[in-house]
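Engineer: So I've got this file, coords.tsv, and it contains TSV, C-alpha atoms:
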```
chain	number	residue	atom	x	y	z
A	1	PRO	CA	0.00	0.00	0.00
A	2	PRO	CA	1.11	3.62	-0.48
A	3	THR	CA	2.99	5.10	2.45
A	4	ASN	CA	2.73	8.56	4.00
A	5	PRO	CA	5.96	9.22	5.90
A	6	ALA	CA	5.99	11.83	8.65
A	7	ASP	CA	9.19	13.36	10.08
A	8	PHE	CA	11.37	11.52	7.53
A	9	PRO	CA	11.73	13.56	4.30
A	10	ALA	CA	14.65	11.91	2.51
A	11	PRO	CA	14.99	8.43	0.99
A	12	THR	CA	17.64	6.23	2.57
A	13	LYS	CA	19.02	2.75	2.03
A	14	LEU	CA	16.82	1.60	4.88
A	15	ILE	CA	13.63	2.20	2.88
A	16	ASP	CA	14.88	2.02	-0.70
A	17	ASP	CA	12.28	-0.60	-1.56
A	18	LEU	CA	9.50	1.76	-0.44
A	19	ASN	CA	10.60	4.90	-2.29
A	20	ASP	CA	8.22	4.40	-5.22
A	21	MET	CA	5.32	3.86	-2.82
A	22	VAL	CA	5.57	7.24	-1.07
A	23	VAL	CA	2.57	9.40	-1.99
A	24	GLU	CA	2.70	12.13	0.67
A	25	ILE	CA	5.27	13.77	2.95
A	26	VAL	CA	4.51	15.53	6.23
A	27	ASP	CA	7.63	16.93	7.84
A	28	HIS	CA	9.24	19.87	9.63
A	29	HIS	CA	12.87	19.52	8.60
A	30	LEU	CA	14.82	21.01	5.70
A	31	ASP	CA	13.52	19.70	2.37
A	32	VAL	CA	16.51	17.97	0.79
A	33	GLY	CA	14.56	17.00	-2.32
A	34	GLY	CA	13.97	13.33	-1.59
A	35	HIS	CA	10.98	11.56	-3.13
A	36	SER	CA	10.83	14.13	-5.92
A	37	THR	CA	7.68	12.57	-7.39
A	38	VAL	CA	5.75	13.87	-4.36
A	39	SER	CA	4.81	17.52	-4.87
A	40	GLY	CA	2.19	20.19	-4.35
A	41	ALA	CA	-0.37	19.62	-1.61
A	42	GLN	CA	1.08	16.16	-0.99
A	43	ARG	CA	4.42	17.65	0.07
A	44	ILE	CA	3.80	19.38	3.40
A	45	ILE	CA	7.13	20.55	4.81
A	46	ALA	CA	6.94	23.20	7.51
A	47	PHE	CA	10.47	24.56	7.31
A	48	ASP	CA	11.70	28.06	6.43
A	49	SER	CA	14.82	27.41	4.36
A	50	GLU	CA	15.85	31.07	4.38
A	51	ALA	CA	15.60	31.45	8.15
A	52	LYS	CA	16.80	27.85	8.58
A	53	LYS	CA	14.18	27.06	11.18
A	54	ALA	CA	11.24	24.72	11.58
A	55	LEU	CA	7.81	26.34	11.52
A	56	VAL	CA	6.41	23.84	14.03
A	57	GLY	CA	7.97	21.98	16.91
A	58	SER	CA	6.35	18.65	16.10
A	59	ALA	CA	5.45	16.83	12.89
A	60	CYS	CA	2.32	15.66	14.71
A	61	THR	CA	1.13	19.27	14.70
A	62	LEU	CA	0.96	19.06	10.91
A	63	VAL	CA	-0.96	15.79	11.07
A	64	ALA	CA	-3.36	17.25	13.64
A	65	GLU	CA	-3.93	20.37	11.54
A	66	ALA	CA	-4.82	18.28	8.49
A	67	LEU	CA	-7.18	16.00	10.41
A	68	VAL	CA	-8.96	18.77	12.31
A	69	SER	CA	-9.45	20.75	9.09
A	70	ASN	CA	-10.36	17.94	6.71
A	71	ALA	CA	-11.69	15.04	8.79
A	72	PRO	CA	-12.60	16.20	12.31
A	73	GLY	CA	-14.92	13.24	12.77
A	74	LEU	CA	-11.93	10.90	12.77
A	75	VAL	CA	-10.34	12.63	15.76
A	76	ASP	CA	-11.53	10.72	18.82
A	77	SER	CA	-10.01	10.65	22.31
A	78	THR	CA	-7.46	7.98	21.38
A	79	LEU	CA	-6.16	9.75	18.29
A	80	ALA	CA	-6.20	13.14	20.02
A	81	THR	CA	-4.14	11.72	22.89
A	82	MET	CA	-1.66	10.05	20.54
A	83	LEU	CA	-1.09	13.20	18.50
A	84	GLY	CA	-1.29	15.60	21.43
A	85	GLY	CA	1.03	13.47	23.52
A	86	VAL	CA	3.78	13.68	20.92
A	87	ILE	CA	3.30	17.43	20.56
A	88	LEU	CA	3.53	17.81	24.35
A	89	ILE	CA	6.79	15.84	24.46
A	90	ASP	CA	8.30	17.57	21.42
A	91	THR	CA	7.50	21.06	22.73
A	92	LEU	CA	7.97	20.27	26.44
A	93	ASN	CA	4.35	21.24	26.99
A	94	MET	CA	4.93	24.57	25.24
A	95	ASP	CA	7.42	25.66	27.91
A	96	PRO	CA	8.53	29.19	26.90
A	97	ALA	CA	11.98	28.60	28.38
A	98	ALA	CA	12.55	25.66	26.06
A	99	ALA	CA	11.40	27.66	23.01
A	100	LYS	CA	10.52	24.49	21.14
A	101	GLY	CA	6.85	25.18	20.48
A	102	THR	CA	5.28	27.61	18.01
A	103	GLU	CA	1.85	29.22	17.79
A	104	ARG	CA	0.79	26.43	15.46
A	105	ASP	CA	1.78	23.79	18.02
A	106	GLY	CA	-0.17	25.66	20.67
A	107	ALA	CA	-3.24	25.89	18.45
A	108	ALA	CA	-3.07	22.19	17.64
A	109	LEU	CA	-2.90	21.33	21.34
A	110	GLU	CA	-5.88	23.58	22.07
A	111	SER	CA	-7.95	21.76	19.45
A	112	LEU	CA	-6.97	18.32	20.79
A	113	GLU	CA	-6.95	19.00	24.54
A	114	PRO	CA	-10.74	18.76	25.08
A	115	LEU	CA	-10.50	15.10	24.02
A	116	PHE	CA	-7.63	14.19	26.37
A	117	PRO	CA	-8.63	11.59	29.01
A	118	LEU	CA	-6.88	13.60	31.75
A	119	ALA	CA	-5.58	17.08	32.40
A	120	ARG	CA	-2.93	18.25	29.96
A	121	ALA	CA	-0.28	18.85	32.63
A	122	GLU	CA	-0.86	15.38	34.11
A	123	LEU	CA	-0.70	13.75	30.68
A	124	PHE	CA	2.61	15.49	30.01
A	125	GLN	CA	4.08	14.39	33.33
A	126	ARG	CA	3.01	10.79	32.76
A	127	LEU	CA	4.55	10.77	29.31
A	128	VAL	CA	7.82	12.22	30.57
A	129	GLY	CA	7.88	9.60	33.32
A	130	ALA	CA	7.32	6.83	30.80
A	131	LYS	CA	9.96	8.23	28.43
A	132	PHE	CA	12.66	8.16	31.11
A	133	ASN	CA	11.48	5.02	32.93
A	134	PRO	CA	14.72	3.13	33.71
A	135	GLU	CA	12.93	-0.21	34.03
A	136	TRP	CA	11.48	0.15	30.54
A	137	TRP	CA	14.87	1.07	29.07
A	138	ALA	CA	16.48	-1.86	30.88
A	139	SER	CA	13.97	-4.20	29.25
A	140	LEU	CA	14.97	-3.15	25.71
A	141	SER	CA	17.50	-4.93	23.55
A	142	VAL	CA	20.43	-3.04	22.03
A	143	GLY	CA	18.65	-2.88	18.68
A	144	GLU	CA	15.47	-1.54	20.27
A	145	CYS	CA	17.47	1.17	22.07
A	146	LEU	CA	19.19	2.21	18.84
A	147	ARG	CA	15.87	2.44	17.01
A	148	TYR	CA	14.51	4.95	19.53
A	149	ASP	CA	13.85	8.28	17.77
A	150	TYR	CA	16.08	7.04	14.96
A	151	LYS	CA	16.88	9.21	11.94
A	152	GLN	CA	19.01	8.27	8.94
A	153	GLY	CA	20.54	10.22	6.08
A	154	GLU	CA	23.49	10.65	3.77
A	155	SER	CA	26.11	13.37	3.37
A	156	GLY	CA	28.96	13.39	0.90
A	157	GLY	CA	28.21	9.81	-0.02
A	158	GLU	CA	28.50	8.68	3.59
A	159	GLY	CA	25.55	7.10	5.37
A	160	PHE	CA	24.87	8.13	8.95
A	161	GLY	CA	22.31	7.29	11.60
A	162	ILE	CA	21.26	9.22	14.70
A	163	SER	CA	19.36	7.84	17.67
A	164	ALA	CA	18.54	9.01	21.17
A	165	ILE	CA	19.15	6.62	24.04
A	166	LEU	CA	17.99	7.80	27.45
A	167	LEU	CA	20.56	5.78	29.36
A	168	LYS	CA	24.08	6.37	30.63
A	169	ILE	CA	26.88	5.01	28.47
A	170	GLY	CA	27.72	2.14	30.81
A	171	ASP	CA	24.10	0.99	30.87
A	172	VAL	CA	24.07	0.86	27.07
A	173	THR	CA	27.43	-0.79	26.41
A	174	GLY	CA	26.82	-3.16	29.33
A	175	LYS	CA	23.79	-4.70	27.65
A	176	GLU	CA	24.15	-8.29	26.50
A	177	ALA	CA	26.02	-8.69	23.18
A	178	PHE	CA	26.23	-4.93	22.72
A	179	ALA	CA	29.08	-4.93	20.15
A	180	ALA	CA	27.53	-7.64	17.96
A	181	ALA	CA	24.07	-6.08	18.06
A	182	ALA	CA	25.39	-2.58	17.29
A	183	ARG	CA	27.48	-3.92	14.41
A	184	ALA	CA	24.43	-5.72	13.00
A	185	PHE	CA	22.36	-2.52	13.30
A	186	ILE	CA	24.99	-0.55	11.38
A	187	GLU	CA	25.46	-3.17	8.67
A	188	GLU	CA	21.74	-3.71	8.10
A	189	ARG	CA	21.30	0.00	7.42
A	190	GLY	CA	24.44	0.50	5.37
A	191	LEU	CA	25.82	3.12	7.75
A	192	ASP	CA	29.31	4.55	7.91
A	193	THR	CA	28.66	6.29	11.23
A	194	LEU	CA	26.11	5.89	13.97
A	195	VAL	CA	25.78	8.63	16.58
A	196	SER	CA	23.64	8.33	19.67
A	197	GLY	CA	22.80	11.04	22.17
A	198	LEU	CA	22.80	9.69	25.71
A	199	VAL	CA	21.46	10.91	29.03
A	200	GLY	CA	23.34	14.01	30.13
A	201	GLY	CA	24.05	15.03	26.54
A	202	THR	CA	27.27	13.00	26.27
A	203	PRO	CA	27.54	11.79	22.67
A	204	VAL	CA	28.87	8.37	21.86
A	205	LEU	CA	30.34	7.72	18.43
A	206	MET	CA	30.13	4.19	17.07
A	207	LEU	CA	32.16	3.66	13.93
A	208	VAL	CA	31.12	0.96	11.48
A	209	LEU	CA	32.58	-2.46	12.03
A	210	THR	CA	35.31	-1.42	14.48
A	211	LEU	CA	32.71	0.13	16.80
A	212	THR	CA	35.28	2.42	18.38
A	213	LEU	CA	33.53	4.11	21.31
A	214	SER	CA	34.59	7.53	22.49
A	215	SER	CA	33.14	10.38	24.50
A	216	PRO	CA	34.68	13.88	24.54
```
Would you put the structure from the file into structure tokens?

Structural biologist:
Amino acid sequence: PPTNPADFPAPTKLIDDLNDMVVEIVDHHLDVGGHSTVSGAQRIIAFDSEAKKALVGSACTLVAEALVSNAPGLVDSTLATMLGGVILIDTLNMDPAAAKGTERDGAALESLEPLFPLARAELFQRLVGAKFNPEWWASLSVGECLRYDYKQGESGGEGFGISAILLKIGDVTGKEAFAAAARAFIEERGLDTLVSGLVGGTPVLMLVLTLTLSSP
């Protein structure tokens, strides 16, 4: 079936077989020209290339806008919570100090909030708690950790992947068969470099095959 990718504007080796099936793009990153057959109203990219900034803090804001405008009857409590929850996390509940949310994100949340099953602040706190739950992270395999918030692209002919792992470096590398699983992850995706942001903002660089780990 045709696919409608959100938050993933460029084709990569990981989804080469699906490139011809993409019929719509919904994203808030720089348009690098991938999937050139998708254009017009089917190519929704909320990014100001001149100012080099995203026009929304969450791709789910774009999805919510489209649904509320074109198919409001489809937006029930479950869908509103799924979309609104991601917007809350991406914008840190529209915290002005974080400066991640925009007026469009705020408007999307206002349209979805009446359908939330609990108060917005409580929903946000529960989601944050779940996101950083150490027991949940401990239950994940190395591959599952690396797939968390995973993005992939190419630059200068080199393939790279970026993930976010909400664990300390020792908790990641101490997982069973870490080296073998990380190598398999890199090889399966044809990467030259895999970078993962860890708790505390300390980056870990895993180079293909040798898996040389370093932290500045």

Engineer: May I have the protein, DNA and RNA residues with any atom at most 9 Å from the point (25.7, 10.8, 13.0), counting all atoms listed in the file, written as JSON, numbers by chain?

Structural biologist: {"A": [152, 153, 159, 160, 161, 162, 163, 192, 193, 194, 195, 196, 205, 206]}

Engineer: Considering all atoms listed in the file, can you say which of A:Glu158, A:Glu110, A:Asp171, A:Asp95 comes closest to Trp137 of chain A?

Structural biologist: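 When distances to Trp137 of chain A are compared using all atoms listed in the file, the smallest one comes from A:Asp171.
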
Engineer: Residues near Asp31 of chain A, anyone? I mean within 9 Å using all atoms listed in the file, not counting same-chain ones fewer than 2 positions away, as a CSV table (one decimal) with C-alpha atoms, keeping the file's coordinate frame.

Structural biologist:
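As a result, selection_26.csv now contains:
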```
chain,number,residue,atom,x,y,z
A,9,PRO,CA,11.7,13.6,4.3
A,10,ALA,CA,14.6,11.9,2.5
A,27,ASP,CA,7.6,16.9,7.8
A,28,HIS,CA,9.2,19.9,9.6
A,29,HIS,CA,12.9,19.5,8.6
A,33,GLY,CA,14.6,17.0,-2.3
A,34,GLY,CA,14.0,13.3,-1.6
A,45,ILE,CA,7.1,20.6,4.8
A,47,PHE,CA,10.5,24.6,7.3
A,49,SER,CA,14.8,27.4,4.4
```

Engineer: Residues at most 9 Å from Gly106 of chain A, counting only C-alpha atoms, excluding those fewer than 3 positions away in the same chain, as JSON, numbers by chain?

Structural biologist: {"A": [61, 87, 93, 94, 101, 102, 103, 109, 110, 111]}

Engineer: What does the structure give for the distance between atom CA of Val142 of chain A and atom CA of Ala184 of chain A, in Å to one decimal?

Structural biologist: 10.2 Å

Engineer: Can you check which parts of segment 89-121 of chain A lie within 8 Å of segment 64-85 of chain A? Per residue, the shortest pair of atoms and distance in Å to one decimal, counting only C-alpha atoms, sorted by chain and number, as JSON lines.

Structural biologist:
```
{"residue": "A:Ile89", "atom": "CA", "partner": "A:Gly85", "partner_atom": "CA", "distance": 6.3}
{"residue": "A:Ala108", "atom": "CA", "partner": "A:Ala64", "partner_atom": "CA", "distance": 6.4}
{"residue": "A:Leu109", "atom": "CA", "partner": "A:Gly84", "partner_atom": "CA", "distance": 6.0}
{"residue": "A:Ser111", "atom": "CA", "partner": "A:Val68", "partner_atom": "CA", "distance": 7.8}
{"residue": "A:Leu112", "atom": "CA", "partner": "A:Ala80", "partner_atom": "CA", "distance": 5.3}
{"residue": "A:Glu113", "atom": "CA", "partner": "A:Gly84", "partner_atom": "CA", "distance": 7.3}
{"residue": "A:Leu115", "atom": "CA", "partner": "A:Ser77", "partner_atom": "CA", "distance": 4.8}
{"residue": "A:Phe116", "atom": "CA", "partner": "A:Thr81", "partner_atom": "CA", "distance": 5.5}
{"residue": "A:Pro117", "atom": "CA", "partner": "A:Ser77", "partner_atom": "CA", "distance": 6.9}
```

Engineer: For atom CA of Gly174 of chain A and atom CA of Ala138 of chain A, quote the distance in Å rounded to one decimal.

Structural biologist: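 Calculated distance between atom CA of Gly174 of chain A and atom CA of Ala138 of chain A is 10.5 Å.
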
Engineer: Using all atoms listed in the file, which residue out of A:Ala164, A:Trp136, A:Gln125, A:Leu30 lies closest to Asp48 of chain A?

Structural biologist: A:Leu30

Engineer: Quick one, how far is atom CA of Gly143 of chain A from atom CA of Ala181 of chain A?

Structural biologist: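 The value is 6.3 Å.
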
Engineer: Filtering to N, CA and C atoms, could segment 143-178 of chain A of the supplied structure be written out as a PDB file, in the first residue's frame?

Structural biologist:
```pdb
ATOM      1  N   GLY A 143      19.280  -3.335  19.911  1.00  0.00           N
ATOM      2  CA  GLY A 143      18.650  -2.878  18.679  1.00  0.00           C
ATOM      3  C   GLY A 143      17.452  -1.989  18.942  1.00  0.00           C
ATOM      4  N   GLU A 144      16.644  -2.344  19.936  1.00  0.00           N
ATOM      5  CA  GLU A 144      15.471  -1.538  20.272  1.00  0.00           C
ATOM      6  C   GLU A 144      15.886  -0.162  20.798  1.00  0.00           C
ATOM      7  N   CYS A 145      16.960  -0.123  21.573  1.00  0.00           N
ATOM      8  CA  CYS A 145      17.468   1.165  22.066  1.00  0.00           C
ATOM      9  C   CYS A 145      17.928   2.044  20.899  1.00  0.00           C
ATOM     10  N   LEU A 146      18.651   1.447  19.961  1.00  0.00           N
ATOM     11  CA  LEU A 146      19.188   2.211  18.845  1.00  0.00           C
ATOM     12  C   LEU A 146      18.096   2.699  17.898  1.00  0.00           C
ATOM     13  N   ARG A 147      16.962   2.026  17.877  1.00  0.00           N
ATOM     14  CA  ARG A 147      15.873   2.445  17.006  1.00  0.00           C
ATOM     15  C   ARG A 147      15.049   3.582  17.608  1.00  0.00           C
ATOM     16  N   TYR A 148      15.300   3.918  18.866  1.00  0.00           N
ATOM     17  CA  TYR A 148      14.506   4.954  19.526  1.00  0.00           C
ATOM     18  C   TYR A 148      14.787   6.310  18.897  1.00  0.00           C
ATOM     19  N   ASP A 149      13.747   6.962  18.407  1.00  0.00           N
ATOM     20  CA  ASP A 149      13.847   8.280  17.769  1.00  0.00           C
ATOM     21  C   ASP A 149      14.933   8.288  16.701  1.00  0.00           C
ATOM     22  N   TYR A 150      15.010   7.211  15.936  1.00  0.00           N
ATOM     23  CA  TYR A 150      16.082   7.035  14.959  1.00  0.00           C
ATOM     24  C   TYR A 150      15.840   7.839  13.683  1.00  0.00           C
ATOM     25  N   LYS A 151      16.902   8.490  13.211  1.00  0.00           N
ATOM     26  CA  LYS A 151      16.882   9.209  11.942  1.00  0.00           C
ATOM     27  C   LYS A 151      18.073   8.725  11.120  1.00  0.00           C
ATOM     28  N   GLN A 152      17.929   8.728   9.803  1.00  0.00           N
ATOM     29  CA  GLN A 152      19.011   8.273   8.942  1.00  0.00           C
ATOM     30  C   GLN A 152      19.118   9.163   7.719  1.00  0.00           C
ATOM     31  N   GLY A 153      20.347   9.402   7.266  1.00  0.00           N
ATOM     32  CA  GLY A 153      20.538  10.218   6.082  1.00  0.00           C
ATOM     33  C   GLY A 153      21.892   9.970   5.454  1.00  0.00           C
ATOM     34  N   GLU A 154      22.211  10.764   4.450  1.00  0.00           N
ATOM     35  CA  GLU A 154      23.490  10.652   3.767  1.00  0.00           C
ATOM     36  C   GLU A 154      24.090  12.040   3.567  1.00  0.00           C
ATOM     37  N   SER A 155      25.406  12.117   3.600  1.00  0.00           N
ATOM     38  CA  SER A 155      26.109  13.373   3.370  1.00  0.00           C
ATOM     39  C   SER A 155      27.453  13.069   2.735  1.00  0.00           C
ATOM     40  N   GLY A 156      27.699  13.650   1.572  1.00  0.00           N
ATOM     41  CA  GLY A 156      28.962  13.393   0.901  1.00  0.00           C
ATOM     42  C   GLY A 156      29.177  11.941   0.564  1.00  0.00           C
ATOM     43  N   GLY A 157      28.097  11.227   0.312  1.00  0.00           N
ATOM     44  CA  GLY A 157      28.207   9.813  -0.022  1.00  0.00           C
ATOM     45  C   GLY A 157      28.359   8.898   1.177  1.00  0.00           C
ATOM     46  N   GLU A 158      28.363   9.464   2.360  1.00  0.00           N
ATOM     47  CA  GLU A 158      28.498   8.681   3.589  1.00  0.00           C
ATOM     48  C   GLU A 158      27.144   8.531   4.264  1.00  0.00           C
ATOM     49  N   GLY A 159      26.809   7.330   4.676  1.00  0.00           N
ATOM     50  CA  GLY A 159      25.554   7.099   5.370  1.00  0.00           C
ATOM     51  C   GLY A 159      25.724   7.258   6.871  1.00  0.00           C
ATOM     52  N   PHE A 160      24.778   7.948   7.497  1.00  0.00           N
ATOM     53  CA  PHE A 160      24.869   8.127   8.946  1.00  0.00           C
ATOM     54  C   PHE A 160      23.496   7.889   9.570  1.00  0.00           C
ATOM     55  N   GLY A 161      23.536   7.485  10.837  1.00  0.00           N
ATOM     56  CA  GLY A 161      22.312   7.293  11.599  1.00  0.00           C
ATOM     57  C   GLY A 161      22.419   8.022  12.925  1.00  0.00           C
ATOM     58  N   ILE A 162      21.289   8.504  13.423  1.00  0.00           N
ATOM     59  CA  ILE A 162      21.258   9.221  14.698  1.00  0.00           C
ATOM     60  C   ILE A 162      20.111   8.672  15.532  1.00  0.00           C
ATOM     61  N   SER A 163      20.400   8.309  16.756  1.00  0.00           N
ATOM     62  CA  SER A 163      19.357   7.839  17.670  1.00  0.00           C
ATOM     63  C   SER A 163      19.505   8.547  19.006  1.00  0.00           C
ATOM     64  N   ALA A 164      18.502   8.404  19.832  1.00  0.00           N
ATOM     65  CA  ALA A 164      18.538   9.008  21.167  1.00  0.00           C
ATOM     66  C   ALA A 164      18.294   7.908  22.188  1.00  0.00           C
ATOM     67  N   ILE A 165      19.267   7.660  23.027  1.00  0.00           N
ATOM     68  CA  ILE A 165      19.146   6.618  24.038  1.00  0.00           C
ATOM     69  C   ILE A 165      19.163   7.277  25.412  1.00  0.00           C
ATOM     70  N   LEU A 166      18.100   7.110  26.166  1.00  0.00           N
ATOM     71  CA  LEU A 166      17.990   7.799  27.450  1.00  0.00           C
ATOM     72  C   LEU A 166      18.551   6.942  28.579  1.00  0.00           C
ATOM     73  N   LEU A 167      19.809   6.549  28.375  1.00  0.00           N
ATOM     74  CA  LEU A 167      20.561   5.779  29.358  1.00  0.00           C
ATOM     75  C   LEU A 167      21.978   6.338  29.445  1.00  0.00           C
ATOM     76  N   LYS A 168      22.676   6.013  30.519  1.00  0.00           N
ATOM     77  CA  LYS A 168      24.082   6.374  30.633  1.00  0.00           C
ATOM     78  C   LYS A 168      24.903   5.391  29.807  1.00  0.00           C
ATOM     79  N   ILE A 169      26.087   5.802  29.401  1.00  0.00           N
ATOM     80  CA  ILE A 169      26.879   5.008  28.467  1.00  0.00           C
ATOM     81  C   ILE A 169      27.148   3.591  28.981  1.00  0.00           C
ATOM     82  N   GLY A 170      27.440   3.457  30.275  1.00  0.00           N
ATOM     83  CA  GLY A 170      27.720   2.138  30.812  1.00  0.00           C
ATOM     84  C   GLY A 170      26.517   1.216  30.774  1.00  0.00           C
ATOM     85  N   ASP A 171      25.326   1.792  30.910  1.00  0.00           N
ATOM     86  CA  ASP A 171      24.101   0.992  30.873  1.00  0.00           C
ATOM     87  C   ASP A 171      23.794   0.512  29.463  1.00  0.00           C
ATOM     88  N   VAL A 172      24.277   1.259  28.460  1.00  0.00           N
ATOM     89  CA  VAL A 172      24.068   0.857  27.071  1.00  0.00           C
ATOM     90  C   VAL A 172      25.089  -0.197  26.668  1.00  0.00           C
ATOM     91  N   THR A 173      26.374   0.128  26.845  1.00  0.00           N
ATOM     92  CA  THR A 173      27.428  -0.786  26.414  1.00  0.00           C
ATOM     93  C   THR A 173      27.472  -2.042  27.277  1.00  0.00           C
ATOM     94  N   GLY A 174      26.852  -1.986  28.457  1.00  0.00           N
ATOM     95  CA  GLY A 174      26.823  -3.158  29.329  1.00  0.00           C
ATOM     96  C   GLY A 174      25.714  -4.139  28.988  1.00  0.00           C
ATOM     97  N   LYS A 175      24.848  -3.782  28.039  1.00  0.00           N
ATOM     98  CA  LYS A 175      23.790  -4.704  27.647  1.00  0.00           C
ATOM     99  C   LYS A 175      24.376  -5.930  26.948  1.00  0.00           C
ATOM    100  N   GLU A 176      23.674  -7.029  27.046  1.00  0.00           N
ATOM    101  CA  GLU A 176      24.149  -8.289  26.496  1.00  0.00           C
ATOM    102  C   GLU A 176      24.426  -8.175  24.997  1.00  0.00           C
ATOM    103  N   ALA A 177      25.611  -8.659  24.594  1.00  0.00           N
ATOM    104  CA  ALA A 177      26.021  -8.695  23.185  1.00  0.00           C
ATOM    105  C   ALA A 177      25.933  -7.325  22.523  1.00  0.00           C
ATOM    106  N   PHE A 178      26.332  -6.284  23.256  1.00  0.00           N
ATOM    107  CA  PHE A 178      26.229  -4.928  22.720  1.00  0.00           C
ATOM    108  C   PHE A 178      26.970  -4.769  21.394  1.00  0.00           C
TER     109      PHE A 178
END
```
